[in-house]
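Notes to accompany the following structure.
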Amino acid sequence: SGSESVGKSVKYKITGIDPGAGIMQATEEAIKEYELDKWELVSGSGAAMTASLKKAYDKKEPIIITGWNPHWMFSKYDLKYLDDPKGVYGGAEEIHSIGRLGLKDDHPEAYKVLQQFKWEDADMGAVMVDIQDGEKPEVAAQNWINENKEKVAEWTNGVNKVNGDKLKLVYVAWDSTIASTNVMKLVLEDLGYDVAISQVEAGPMWTAVADGSADALLAGWLPVTHQTYAEKFEGKYEDIGTSMENVKIGLTVPEYMDIDSIEDLKE
Ligand SMILES: C[SH](C)CC(=O)O
């Protein structure tokens with residue numbers, strides 16, 4: 001066919017995000033399972049990945065990235081997941097709220113909010129797009145809360161106000177988690193909590209909850225994406241509840257690329 005192989009066209013590179021992310025471990029495993037010997041996974045950050053995506057997409061050039069839903073990039077660009085016949089990336093994943101041991105006794109009101117915290121892809125997406133359009137995360141979060149009082153009222157249903165109790169949430173700079181953490185910060189502050197949010201890498205995020213130095217994380221992607229962390233810290237955290245279902249991770253490419261499966265990368 002004379003057409004250059006996909007691998008050659010992207011110099012056998014997959015453009016990833018921060019090295020501790022579960023999708024990065026899954027992609028290293030995919031490189032092994034699909035015998036993508038010449039391929040390498042390039043780590044960086046979520047922001048660097050989406051900047052590379054924009055650069056390639058604007059010129060209709062090939063690029064392969066580590067993608068996930070919810071993410072604003074799927075509404076901004078025409079993207080598709082590569083089929084994963086070996087199931088390396090798992091199926092429908094869920095986002096869990098993970099709390100330190102003792103949180104329920106120390107802060108029963110906050111615990112109950114996290115238990116009742118549930119929203120959809122579209123809710124989180126609205127906050128992410130607002131941020132992507134230049135709004136500050138805390139303003140985008142407040143905008144969403146103002147528009148969704150009834151949904152927030154479900155989260156705080158039956159929860160008493162508190163008087164300045166301190167809470168610390170940890171998160172990673174993934175667009176989805178920046179959105180959820182900023183919304184939850186405002187909801188808990190509205191109940192009277194003094195909330196600090198701290199941006200760390202994925203490993204330190206789980207470690208902080210497991211060692212009790214943070215109260216909760218809102219980005220427990222399970223059962224597959226964060227399986228390594230969940231196993232490593234087994235017994236040292238409490239899975240408080242699922243805030244979102246049917247989320248997904250996988251290798252992602254622009255629709256204009258004529259490949260459909262991870263198997264196609266072997267050529
Ligand atoms: C980047 S996804 C939100 C989560 C993960 O891959 O760890």
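Ordered as shown in the structure tokens, chains take letters A, B, and onward, while each chain numbers its residues from 1 and ligands are numbered from 1 in the order shown.
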
Neighbourhood of ligand 1 at 7 Å, counting only C-alpha atoms and all ligand atoms, reported as a PyMOL selection string: chain A and resi 21-24+68+174+176-177+202+221+225-226+249

7 Å contact set for segment 96-107 of chain A, only C-alpha atoms, chain neighbours under 2 positions out, as a ChimeraX atom specification: /A:94,109-111,114,209-210,212,215-222,236-243

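Residues in contact with Tyr77 of chain A at up to 9 Å, not including ones fewer than 6 positions away on its chain and judged by only C-alpha atoms, are A:Lys54, A:Tyr57, A:Pro254, A:Glu255.
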
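Between atom CA of Asp37 of chain A and atom CA of Lys266 of chain A the interatomic distance comes to 8.4 Å.
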
Could you give me, as a CSV table (one decimal) with N, CA, C and O atoms, in the first residue's frame, each residue of segment 4-130 of chain A that DSSP assigns to strand (DSSP E) when run on this structure's backbone?
```csv
chain,number,residue,atom,x,y,z
A,13,LYS,N,5.9,6.3,19.2
A,13,LYS,CA,5.7,6.9,20.5
A,13,LYS,C,4.2,7.0,20.8
A,13,LYS,O,3.4,7.4,20.0
A,14,ILE,N,3.9,6.7,22.0
A,14,ILE,CA,2.5,6.9,22.6
A,14,ILE,C,2.7,8.1,23.6
A,14,ILE,O,3.6,8.1,24.4
A,15,THR,N,1.9,9.2,23.4
A,15,THR,CA,2.0,10.4,24.2
A,15,THR,C,1.1,10.2,25.4
A,15,THR,O,-0.1,10.2,25.3
A,40,GLU,N,7.4,3.1,22.4
A,40,GLU,CA,7.7,3.6,23.8
A,40,GLU,C,6.6,4.5,24.2
A,40,GLU,O,6.0,5.2,23.4
A,41,LEU,N,6.3,4.5,25.5
A,41,LEU,CA,5.3,5.4,26.1
A,41,LEU,C,6.1,6.6,26.7
A,41,LEU,O,7.0,6.5,27.5
A,42,VAL,N,5.7,7.8,26.2
A,42,VAL,CA,6.3,9.1,26.6
A,42,VAL,C,5.5,9.7,27.7
A,42,VAL,O,4.3,9.9,27.6
A,65,ILE,N,-2.6,8.9,22.0
A,65,ILE,CA,-2.5,9.4,23.3
A,65,ILE,C,-3.2,8.4,24.3
A,65,ILE,O,-4.0,7.6,23.9
A,66,THR,N,-2.9,8.6,25.6
A,66,THR,CA,-3.6,7.9,26.7
A,66,THR,C,-4.8,8.7,27.0
A,66,THR,O,-4.7,9.8,27.5
A,67,GLY,N,-6.0,8.2,26.7
A,67,GLY,CA,-7.2,9.0,26.8
A,67,GLY,C,-8.2,8.4,27.9
A,67,GLY,O,-8.0,7.2,28.3
A,68,TRP,N,-9.1,9.2,28.4
A,68,TRP,CA,-10.1,8.8,29.3
A,68,TRP,C,-11.3,9.6,29.2
A,68,TRP,O,-11.2,10.8,28.8
A,69,ASN,N,-12.4,9.0,29.6
A,69,ASN,CA,-13.7,9.8,29.7
A,69,ASN,C,-14.1,9.8,31.2
A,69,ASN,O,-13.9,8.7,31.9
A,79,LEU,N,-12.4,12.1,18.4
A,79,LEU,CA,-11.5,11.1,18.8
A,79,LEU,C,-12.2,9.7,18.9
A,79,LEU,O,-13.4,9.6,19.0
A,80,LYS,N,-11.3,8.7,18.9
A,80,LYS,CA,-11.9,7.3,19.1
A,80,LYS,C,-10.9,6.5,19.9
A,80,LYS,O,-9.7,6.7,19.9
A,81,TYR,N,-11.4,5.5,20.7
A,81,TYR,CA,-10.6,4.6,21.5
A,81,TYR,C,-10.2,3.5,20.5
A,81,TYR,O,-11.0,3.1,19.7
A,93,GLU,N,-15.2,1.5,33.9
A,93,GLU,CA,-14.6,1.8,35.2
A,93,GLU,C,-15.5,2.7,36.1
A,93,GLU,O,-16.5,3.3,35.5
A,94,GLU,N,-15.2,2.8,37.4
A,94,GLU,CA,-16.0,3.7,38.2
A,94,GLU,C,-15.0,4.7,39.0
A,94,GLU,O,-13.9,4.3,39.2
A,95,ILE,N,-15.5,5.8,39.3
A,95,ILE,CA,-14.7,6.8,40.1
A,95,ILE,C,-15.2,6.7,41.5
A,95,ILE,O,-16.4,6.9,41.8
A,96,HIS,N,-14.3,6.3,42.4
A,96,HIS,CA,-14.7,6.1,43.9
A,96,HIS,C,-14.1,7.2,44.7
A,96,HIS,O,-13.0,7.8,44.4
A,97,SER,N,-14.8,7.5,45.8
A,97,SER,CA,-14.3,8.5,46.8
A,97,SER,C,-13.7,7.6,47.9
A,97,SER,O,-14.3,6.7,48.5
A,98,ILE,N,-12.4,7.9,48.1
A,98,ILE,CA,-11.6,7.0,49.1
A,98,ILE,C,-11.3,7.9,50.3
A,98,ILE,O,-10.7,9.0,50.1
A,99,GLY,N,-11.6,7.3,51.5
A,99,GLY,CA,-11.3,8.1,52.7
A,99,GLY,C,-10.3,7.4,53.6
A,99,GLY,O,-10.2,6.2,53.5
A,100,ARG,N,-9.7,8.2,54.4
A,100,ARG,CA,-8.8,7.7,55.4
A,100,ARG,C,-9.6,6.9,56.5
A,100,ARG,O,-10.8,7.2,56.7
```

DSSP alpha helix (DSSP H) residues within segment 170-244 of chain A, as a VMD selection string: chain A and resid 175 to 190 202 to 210 227 to 232
